[in-house]
Amino acid sequence: MVKSDVSSSLLTSLAQIDRAGSLTDRMQALSLEKFQDLLEKITGEFQHFLKAIELINDETLETMLEQILQAFTLKIGQLLRADRTTIFLVDLEKEQLWSKVAQGSDGKPTEIRVPLRVGIAGHVASTGECLNIHDAYEHPLFNPEVDRQTQYRTRNILCMPVFSSDRQVVAVVQLLNKQQGNFFDAEDERLFREFAESMGIILESCNSFYIAARNQRGVAALLKATSSLGQSLDLDKTLRVVMEEARTLMQADRSTLFLLDHDKNELWSKIAKADGESLIEIRIPANRGIAGYVASTKLPLNVPDAYEDPRFDSTIDRKTGYRTRSILCMPIFNSEGDLIGVTQLINKLQGTFNASDEKFMQAFNIQAGVALENAQLFQSVMQEKQYQKDILQSLSDAVISTNTQGEIVTINEAALRLLGCLPPGQNAAETDQERQNRERQAQRIWQQRLVGQLVWNVVPIDHLQFRLQDSLTYGAKHYVPEQTLRLSDSALWQQYEQELRQQPTERSINLTVNPLTNPEGEVRGGLVVLEDISQEKRMKATMYRYMTPSVAERVMMLGENALMGGERKDVTILFSDIRGYTSLTEKMEAPEVVSLLNHYFETMVEAVFNYEGTLDKFIGDALMAVFGAPLPIESHAWKSVQSALDMRRRLAEFNHDRLAVGHQPLRIGIGISSGEVVSGSIGSQRLMNYTVIGDGVDVSSRLEGITKEYGCDIILSEYTYRLCSDKIWARELDRIRVKGKTRPVLIYELLGDRRQPLDLTTQDFLQVYQAGRTAYSNGCFAQAIDYFTQAKRLKGFDPATENYLQRSQKHLLNPPTTWEAG
């Protein structure tokens, strides 16, 4: 009968109907009354299914399970007259017993978990046998430590299993201390079994609903998380989204995403600062700690108790006061299967991370890997784009790129300057920063105006349109030297004449036109390069040989006549010369001599440029540098001294390399003096050079020449010494007469920078030497001899000390009739 087929359950009936007799065939034989009866039963069953689905999706399901457990607990304790009752549900996946009946500090149920096979409850859960214990302290499975912690005294225990419909233990009920009577008896066991079967089906259903609901929420959270990952290509934002969505998905307290830096073999991440907005980067070795282990092995790691795992580093916990309990750490791979990072979740809000969490995170990490790979690729593209943009802007030549129609796509700063859009110069009232801001604003405005314009309408050069179209059509390359660029002929000039009319209207340029192609060789655009070979650029190129680019730029901003007129300035002059140059090079071939000087001057000129000096000239193996001209430098004496010390250091490195290949080392002498000079371009119409002339030049040249007499490498005049004495270690050497000076000049040996302390021996030597100088100056020659003798013992041979010893001994034997301190 059909009625009997569908009387119990629709699903059961459908399962029992074989393919030979389908439900359609059976329904054909039903009367109207029986068909209506069947529809009512099918409708009723589907209503149950819909309610079950609603229950799974109901966020209050967990609360319902808690209420059922609490109600069962109270009722069972009441029926069996137990002082305390606990229902433990079996979690086979984690091999644990868990309960949500114990009250937390906030009054809400708290989940507690114990191992499945430990203790009395664990024994009942694993064996399915009842345990009725009359004396708890006499039973080997009882743990009295719990009583000591809770100040509770357990006398007797009844622990009963609760079975599912297929006779699997789904729960364990543990009753403590019979309220009436000495202990639980067989009647209590029988009474429990009367309702245990029904309770087992209910708990099994509740647990199934709970697992299904948890999985449903996990799937929904996973879909939400993965959908949000693709909403941004910004790497920092993607990092934040991944960390937050992973934490929400897994109901963890904290989450961290570490990316792998292959070059440095480090894991790095960005965490929020105290303001909650900005991020700060942290880095750890890629083989250290939990995250390092996962990065090294590429395997997931689920740590239920962090402090029991030797790979866990508790340093951060000790510093922050945070307590790490459980950790789930999993690898992230890109589309090629290469490791790109690690996700780390800390402290599951309820319990510990399980196998289901690992599956969800594995699925999440697949999507996270795609999102991160896209974000990293996008960041790489943007960095490359910015890199190319920076290169374009840094070029001194004007560079303009176009599309295949000849419309401007990019135009660099040099091109804007060449076209007169960014006028040179600086207002007297504005600072460097204000000038830079003004120029950046003008650059943005002109780029907006010019992008999209036909390049030949903007750059008026003969036949530019023909050459560019030839390049775009056939991939041809053109180089045309010495072309004339007349800005007044351009449509740009006519449209913005009021803004451009104060600029030079004619330039001399070298023109280059090249195609821009893709990897397949197809022309995707054109590149127009304009090399300015006008007088301004030639002058700048010349100036770069004698001063740093930054100084040259500042000089150029003063105008074309800045170097032409004469001017008096306070400067410091540095002369440097190679000692014994003739004897050193007389046996060398000419190419060797040139190579030696080129390498030597290369490093010495760098020492001048590094401290804003201007290279005045080379005189054979000597060089002359000026500090404070053509641009004034407030601390020109200190700059020159720093340059001399840098020369000393560079010479030591230069000689180290020469000795390594068996060559003789070089020795140099440096003379430095400060004073007023006349500066300007001096020479004939055919050849003019910027230089300085005056006493300062003569004195510094004389000081360089006498360095060998005093056995030292750097000598300062008193004029330089006074300007920077507080910054240097120096030894007073002597008073010398210089041609053109009416009185002797006091000179000093430069020992070093005061920021670097002198050794004790040198300090003792200087103290004794200066005492000798003072005695000598006062005419106390015997006392001076004693001091200089001590100085000689401390340092050994020293020309200056030896010189004063000989002078003192001479004057002691033949006292001068008149004495001028010297």
# chains A, B, ... in the order shown; residues from 1 in each chain; ligands from 1
>>> residues_around(residues="Ala442 (chain A)", least_positions_apart="3", cutoff="12 Å", atoms="only C-alpha atoms", output="list in words")
Glu413, Leu416, Arg417, Gly420, Cys421, Leu422, Pro423, Pro424, Arg435, Gln436, Asn437, Arg438, Glu439, Ile445, Trp446, Gln447, Gln448, Arg449 and Glu499 of chain A
>>> write_last_selection(atoms="N, CA and C atoms", output="short mmCIF file (atom, residue, chain, number, x, y, z; two decimals), in the first residue's frame")
data_model
loop_
_atom_site.label_atom_id
_atom_site.label_comp_id
_atom_site.auth_asym_id
_atom_site.auth_seq_id
_atom_site.Cartn_x
_atom_site.Cartn_y
_atom_site.Cartn_z
N GLU A 413 60.52 67.35 -16.11
CA GLU A 413 60.78 68.71 -15.63
C GLU A 413 61.73 69.45 -16.56
N LEU A 416 59.88 70.88 -19.47
CA LEU A 416 59.11 72.06 -19.09
C LEU A 416 60.02 73.28 -18.97
N ARG A 417 61.22 73.08 -18.43
CA ARG A 417 62.16 74.21 -18.32
C ARG A 417 62.61 74.66 -19.71
N GLY A 420 60.25 76.84 -21.36
CA GLY A 420 60.00 78.10 -20.67
C GLY A 420 58.85 78.06 -19.70
N CYS A 421 58.32 76.85 -19.43
CA CYS A 421 57.17 76.74 -18.51
C CYS A 421 57.59 76.88 -17.06
N LEU A 422 58.83 76.50 -16.74
CA LEU A 422 59.33 76.62 -15.36
C LEU A 422 60.49 77.59 -15.38
N PRO A 423 60.24 78.87 -15.24
CA PRO A 423 61.32 79.86 -15.33
C PRO A 423 62.34 79.68 -14.23
N PRO A 424 63.64 79.80 -14.56
CA PRO A 424 64.68 79.68 -13.53
C PRO A 424 64.70 80.93 -12.67
N ARG A 435 60.49 78.30 -2.98
CA ARG A 435 60.76 78.18 -4.40
C ARG A 435 60.42 76.80 -4.94
N GLN A 436 60.80 75.75 -4.17
CA GLN A 436 60.50 74.38 -4.59
C GLN A 436 59.00 74.14 -4.66
N ASN A 437 58.26 74.65 -3.68
CA ASN A 437 56.80 74.49 -3.69
C ASN A 437 56.19 75.21 -4.90
N ARG A 438 56.71 76.41 -5.19
CA ARG A 438 56.21 77.17 -6.35
C ARG A 438 56.47 76.42 -7.64
N GLU A 439 57.66 75.85 -7.76
CA GLU A 439 57.99 75.13 -8.99
C GLU A 439 57.18 73.84 -9.12
N ILE A 445 50.63 72.17 -12.99
CA ILE A 445 49.72 72.92 -13.87
C ILE A 445 50.10 72.72 -15.33
N TRP A 446 51.39 72.83 -15.65
CA TRP A 446 51.82 72.71 -17.04
C TRP A 446 51.70 71.29 -17.57
N GLN A 447 51.92 70.30 -16.71
CA GLN A 447 51.74 68.92 -17.16
C GLN A 447 50.28 68.66 -17.52
N GLN A 448 49.36 69.21 -16.72
CA GLN A 448 47.93 69.06 -17.03
C GLN A 448 47.58 69.76 -18.35
N ARG A 449 48.22 70.89 -18.59
CA ARG A 449 47.95 71.62 -19.84
C ARG A 449 48.48 70.89 -21.06
N GLU A 499 52.35 84.44 -19.95
CA GLU A 499 53.14 83.71 -18.96
C GLU A 499 54.55 83.40 -19.45
#
>>> select_by_dssp(residues="region 653-809 of chain A", states="alpha helix (DSSP H)", output="PyMOL selection string")
chain A and resi 653-660+695-706+718-724+760-777+781-795+799-809
>>> select_by_dssp(residues="region 591-742 of chain A", states="strand (DSSP E)", output="ChimeraX atom specification")
/A:614-619,622-627,668-683,688-693,714-717,728-736
>>> atom_distance(atom1="CA of Thr762 (chain A)", atom2="CA of Asp726 (chain A)")
18.2 Å
>>> closest_residue(among="A:Ile633, A:Val641, A:Ile672, A:Ile747", to="Lys569 (chain A)", atoms="only C-alpha atoms")
A:Ile633
>>> residues_around(residues="region 575-580 of chain A", least_positions_apart="5", cutoff="7 Å", atoms="only C-alpha atoms", output="list in words")
Asp621, Ala622, Leu623, Met624, Ala625, Leu666, Arg667, Ile668, Gly669, Ile670, Gly671, Ile672, Ser700, Ser701 and Glu704 of chain A
>>> residues_around(residues="region 586-599 of chain A", least_positions_apart="2", cutoff="12 Å", atoms="only C-alpha atoms", output="PyMOL selection string")
chain A and resi 577-578+580-584+601-606+618-623+650-651+654-655+657-658+663-666
>>> residues_around(residues="Pro115 (chain A)", least_positions_apart="2", cutoff="12 Å", atoms="only C-alpha atoms", output="PyMOL selection string")
chain A and resi 88-98+112-113+117-123+125-126
>>> closest_residue(among="A:Leu80, A:Ile533, A:Ala415, A:Cys780", to="Phe184 (chain A)", atoms="only C-alpha atoms")
A:Leu80
>>> residues_around(residues="Arg731 (chain A)", least_positions_apart="5", cutoff="10 Å", atoms="only C-alpha atoms", output="tab-separated table (two decimals) with N, CA, C and O atoms, in the first residue's frame")
chain	number	residue	atom	x	y	z
A	715	ILE	N	99.20	71.99	7.48
A	715	ILE	CA	99.54	73.17	8.28
A	715	ILE	C	98.48	74.25	8.04
A	715	ILE	O	98.11	74.52	6.89
A	716	LEU	N	98.02	74.85	9.12
A	716	LEU	CA	97.04	75.93	9.08
A	716	LEU	C	97.71	77.25	9.46
A	716	LEU	O	98.59	77.28	10.33
A	747	ILE	N	101.75	79.58	12.77
A	747	ILE	CA	101.24	78.42	12.02
A	747	ILE	C	101.00	77.25	12.97
A	747	ILE	O	101.62	77.15	14.04
A	748	TYR	N	100.10	76.34	12.57
A	748	TYR	CA	99.67	75.21	13.40
A	748	TYR	C	99.66	73.93	12.58
A	748	TYR	O	99.33	73.95	11.38
A	749	GLU	N	99.99	72.84	13.23
A	749	GLU	CA	99.82	71.52	12.62
A	749	GLU	C	98.41	71.02	12.96
A	749	GLU	O	98.02	70.99	14.12
A	750	LEU	N	97.66	70.62	11.94
A	750	LEU	CA	96.31	70.06	12.14
A	750	LEU	C	96.44	68.59	12.51
A	750	LEU	O	96.94	67.78	11.72
A	751	LEU	N	95.98	68.28	13.74
A	751	LEU	CA	96.07	66.89	14.21
A	751	LEU	C	94.79	66.10	13.95
A	751	LEU	O	94.84	64.93	13.57
A	766	LEU	N	101.75	66.67	23.65
A	766	LEU	CA	101.35	68.05	23.36
A	766	LEU	C	101.51	68.96	24.57
A	766	LEU	O	101.88	70.13	24.45
A	767	GLN	N	101.21	68.40	25.74
A	767	GLN	CA	101.32	69.22	26.96
A	767	GLN	C	102.79	69.61	27.21
A	767	GLN	O	103.09	70.79	27.49
A	769	TYR	N	105.26	69.56	24.94
A	769	TYR	CA	105.71	70.37	23.81
A	769	TYR	C	105.28	71.82	23.96
A	769	TYR	O	106.07	72.76	23.75
A	770	GLN	N	104.02	72.05	24.33
A	770	GLN	CA	103.53	73.42	24.47
A	770	GLN	C	104.25	74.13	25.63
A	770	GLN	O	104.53	75.34	25.55
>>> residues_around(residues="Asp734 (chain A)", least_positions_apart="5", cutoff="9 Å", atoms="only C-alpha atoms", output="MDAnalysis selection string")
chainID A and resid 745:748 773 800 822
>>> write_last_selection(atoms="C-alpha atoms", output="PDB file, in the first residue's frame")
ATOM      1  CA  VAL A 745     102.413  84.466  10.776  1.00  0.00           C
ATOM      2  CA  LEU A 746     101.708  81.901  13.485  1.00  0.00           C
ATOM      3  CA  ILE A 747     101.245  78.418  12.022  1.00  0.00           C
ATOM      4  CA  TYR A 748      99.674  75.212  13.400  1.00  0.00           C
ATOM      5  CA  ARG A 773     107.130  76.468  23.303  1.00  0.00           C
ATOM      6  CA  ALA A 800     109.526  70.561  14.978  1.00  0.00           C
ATOM      7  CA  GLY A 822     108.925  83.283  18.125  1.00  0.00           C
TER       8      GLY A 822
END
>>> closest_residue(among="A:Val699, A:Ile461, A:Ile400, A:Leu267", to="Ile509 (chain A)", atoms="only C-alpha atoms")
A:Ile461
>>> atom_distance(atom1="CA of Ala637 (chain A)", atom2="CA of Cys724 (chain A)")
6.6 Å
>>> atom_distance(atom1="CA of Trp638 (chain A)", atom2="CA of Thr431 (chain A)")
24.8 Å
>>> closest_residue(among="A:Leu69, A:Val114, A:Val303, A:Leu141", to="Ile202 (chain A)", atoms="only C-alpha atoms")
A:Leu69
